Structures are given as structure tokens and as C-alpha cells.
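> The following file, query25.pdb, comprises PDB, C-alpha atoms:
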```pdb
ATOM      1  CA  MET A 139       0.000   0.000   0.000
ATOM      2  CA  ILE A 140       2.932   2.323   0.556
ATOM      3  CA  ALA A 141       5.093   1.744  -2.526
ATOM      4  CA  GLY A 142       3.203  -1.065  -4.263
ATOM      5  CA  VAL A 143       5.843  -3.697  -3.519
ATOM      6  CA  ALA A 144       3.388  -6.317  -2.266
ATOM      7  CA  ALA A 145       1.083  -5.746  -5.239
ATOM      8  CA  GLY A 146       4.011  -6.047  -7.645
ATOM      9  CA  ILE A 147       5.210  -9.283  -6.075
ATOM     10  CA  ALA A 148       1.665 -10.660  -6.047
ATOM     11  CA  GLU A 149       1.169  -9.814  -9.720
ATOM     12  CA  PHE A 150       4.528 -11.322 -10.689
ATOM     13  CA  CYS A 151       3.864 -14.540  -8.719
ATOM     14  CA  ASP A 152       0.168 -14.649  -9.679
ATOM     15  CA  VAL A 153      -1.057 -14.823  -6.066
ATOM     16  CA  ASP A 154      -3.441 -12.729  -4.009
ATOM     17  CA  VAL A 155      -1.866  -9.533  -2.668
ATOM     18  CA  THR A 156      -3.221 -10.304   0.816
ATOM     19  CA  ILE A 157      -1.026 -13.407   1.018
ATOM     20  CA  VAL A 158       2.058 -11.361   0.151
ATOM     21  CA  ARG A 159       1.162  -8.683   2.701
ATOM     22  CA  ILE A 160       0.692 -11.319   5.410
ATOM     23  CA  ALA A 161       4.049 -12.886   4.507
ATOM     24  CA  ILE A 162       5.782  -9.497   4.764
ATOM     25  CA  ALA A 163       4.117  -8.888   8.127
ATOM     26  CA  VAL A 164       5.206 -12.305   9.418
ATOM     27  CA  PHE A 165       8.795 -11.719   8.258
ATOM     28  CA  THR A 166       8.710  -8.313   9.972
ATOM     29  CA  VAL A 167       7.459  -9.678  13.298
ATOM     30  CA  PHE A 168       9.841 -12.629  13.332
ATOM     31  CA  GLY A 169      13.265 -11.068  12.928
ATOM     32  CA  GLY A 170      12.558  -7.839  11.081
ATOM     33  CA  ALA A 171      13.473  -9.228   7.666
ATOM     34  CA  GLY A 172      10.152  -8.066   6.200
ATOM     35  CA  ILE A 173      11.196  -4.429   6.470
ATOM     36  CA  ALA A 174      14.517  -5.084   4.723
ATOM     37  CA  LEU A 175      12.814  -7.148   1.999
ATOM     38  CA  TYR A 176      10.187  -4.442   1.452
ATOM     39  CA  ILE A 177      12.832  -1.722   1.130
ATOM     40  CA  ALA A 178      14.881  -3.894  -1.226
ATOM     41  CA  GLY A 179      11.795  -4.515  -3.359
ATOM     42  CA  TRP A 180      10.978  -0.818  -3.399
ATOM     43  CA  LEU A 181      14.496   0.034  -4.563
ATOM     44  CA  LEU A 182      14.935  -2.786  -7.083
ATOM     45  CA  MET A 183      11.514  -3.199  -8.698
ATOM     46  CA  PRO A 184      10.657  -0.717 -11.459
ATOM     47  CA  ASN A 185       7.508   1.349 -11.079
ATOM     48  CA  GLU A 186       4.543   0.377 -13.214
ATOM     49  CA  GLY A 187       4.949   1.793 -16.691
ATOM     50  CA  THR A 188       8.719   2.261 -16.406
ATOM     51  CA  ASP A 189      11.647  -0.008 -17.121
ATOM     52  CA  ARG A 190      14.036   1.414 -14.515
ATOM     53  CA  SER A 191      13.979   0.926 -10.753
ATOM     54  CA  ILE A 192      14.801   3.590  -8.197
ATOM     55  CA  ALA A 193      18.221   1.983  -7.711
ATOM     56  CA  ASN A 194      18.859   2.198 -11.476
ATOM     57  CA  GLN A 195      17.855   5.843 -11.479
ATOM     58  CA  LEU A 196      20.118   6.633  -8.516
ATOM     59  CA  THR A 197      23.142   4.841  -9.943
ATOM     60  CA  GLY A 198      22.543   5.835 -13.546
ATOM     61  CA  THR A 199      22.589   2.228 -14.734
ATOM     62  CA  ASN A 200      20.137   0.570 -17.049
ATOM     63  CA  ARG A 201      19.437  -3.157 -16.925
ATOM     64  CA  HIS A 202      18.527  -3.148 -20.642
ATOM     65  CA  SER A 203      21.934  -2.128 -21.931
ATOM     66  CA  SER A 204      22.691  -3.088 -25.507
ATOM     67  CA  GLN A 205      26.002  -4.444 -26.650
ATOM     68  CA  SER A 206      27.535  -3.376 -29.972
TER      69      SER A 206
END
```
Once you've parsed the file, please lay out its structure as C-alpha cells.


Amino acid sequence: MIAGVAAGIAEFCDVDVTIVRIAIAVFTVFGGAGIALYIAGWLLMPNEGTDRSIANQLTGTNRHSSQS
């Protein structure tokens, strides 16, 4: 709901978004890994309609580089 990470993962894996949100909550409660995974997903997954993630934009790299 914050950055669309759970919805993106759910769409990619073809599962209900509620299941992904529950999994993130469980990982957060048991060890705090859910927060780190959510932040990593937010940084590494491109926004809908774009082909570059926030990390790509910050580093100036493009995962679709062409070779000559």
C-alpha cells in the first residue's frame, strides 16, 4: 500500500496480494526481515509503466543495456 511492492510481487507470482502482505508482516514480526525485503523490493523493482527501478535511477545504470 505504501510503494506497491506487495502488489508487484503478487502480480509477478500470480497470487493474491493479501497473502504477500501477510508474509511481509510475518517476516517483519519474526526477525525484522520483512522491512529489509520491502525496502529492497521498493528500490529494485521498477515502477509500473517504467523499465528502470529507483536503484537504477540513482546509480545511472540501465538493466537493458545493448552491446555493440

> Between A:Ile177, A:Val143, A:Met183, A:Ala171, single out the one closest to Arg159 of chain A, counting all atoms listed in the file.

A:Val143

> Could you jot down the atom CA of Thr197 of chain A to atom CA of Leu175 of chain A separation for me, Å, one decimal place?

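Interatomic distance, atom CA of Thr197 of chain A to atom CA of Leu175 of chain A: 19.8 Å.
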
> So how far away is atom CA of Ala145 of chain A from atom CA of Val158 of chain A, in Å?

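Separating atom CA of Val158 of chain A from atom CA of Ala145 of chain A is a distance of 7.8 Å.
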
> Return the padded bounding box of segment 158-170 of chain A as lines of an AutoDock Vina configuration file: axis-aligned, built from all atoms listed in the file, 3 Å added on each side, with centre and edge lengths in Å to one decimal.


```
center_x = 7.0
center_y = -10.4
center_z = 6.7
size_x = 18.6
size_y = 11.0
size_z = 19.2
```

> Mind pulling up the distance from atom CA of Arg190 of chain A to atom CA of Asp154 of chain A?

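Atom CA of Asp154 of chain A sits 24.8 Å away from atom CA of Arg190 of chain A.
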
> If you count only C-alpha atoms, which residues fall within 9 Å of Ile173 of chain A, apart from same-chain ones fewer than 4 positions away, as a VMD selection string?

chain A and resid 162 to 163 165 to 166 177 to 178

> Out of A:Tyr176, A:Leu181, A:Leu196, A:Val167, which residue has the shortest atom-to-atom distance to Ile147 of chain A when counting all atoms listed in the file?

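Smallest separation from Ile147 of chain A among the options: A:Tyr176.
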
> What residues come out when you apply the PyMOL selection byres ((chain A and resi 146) around 10) to this file, written as a ChimeraX atom specification?

/A:141-145,147-152,155,158,179-180,183-186
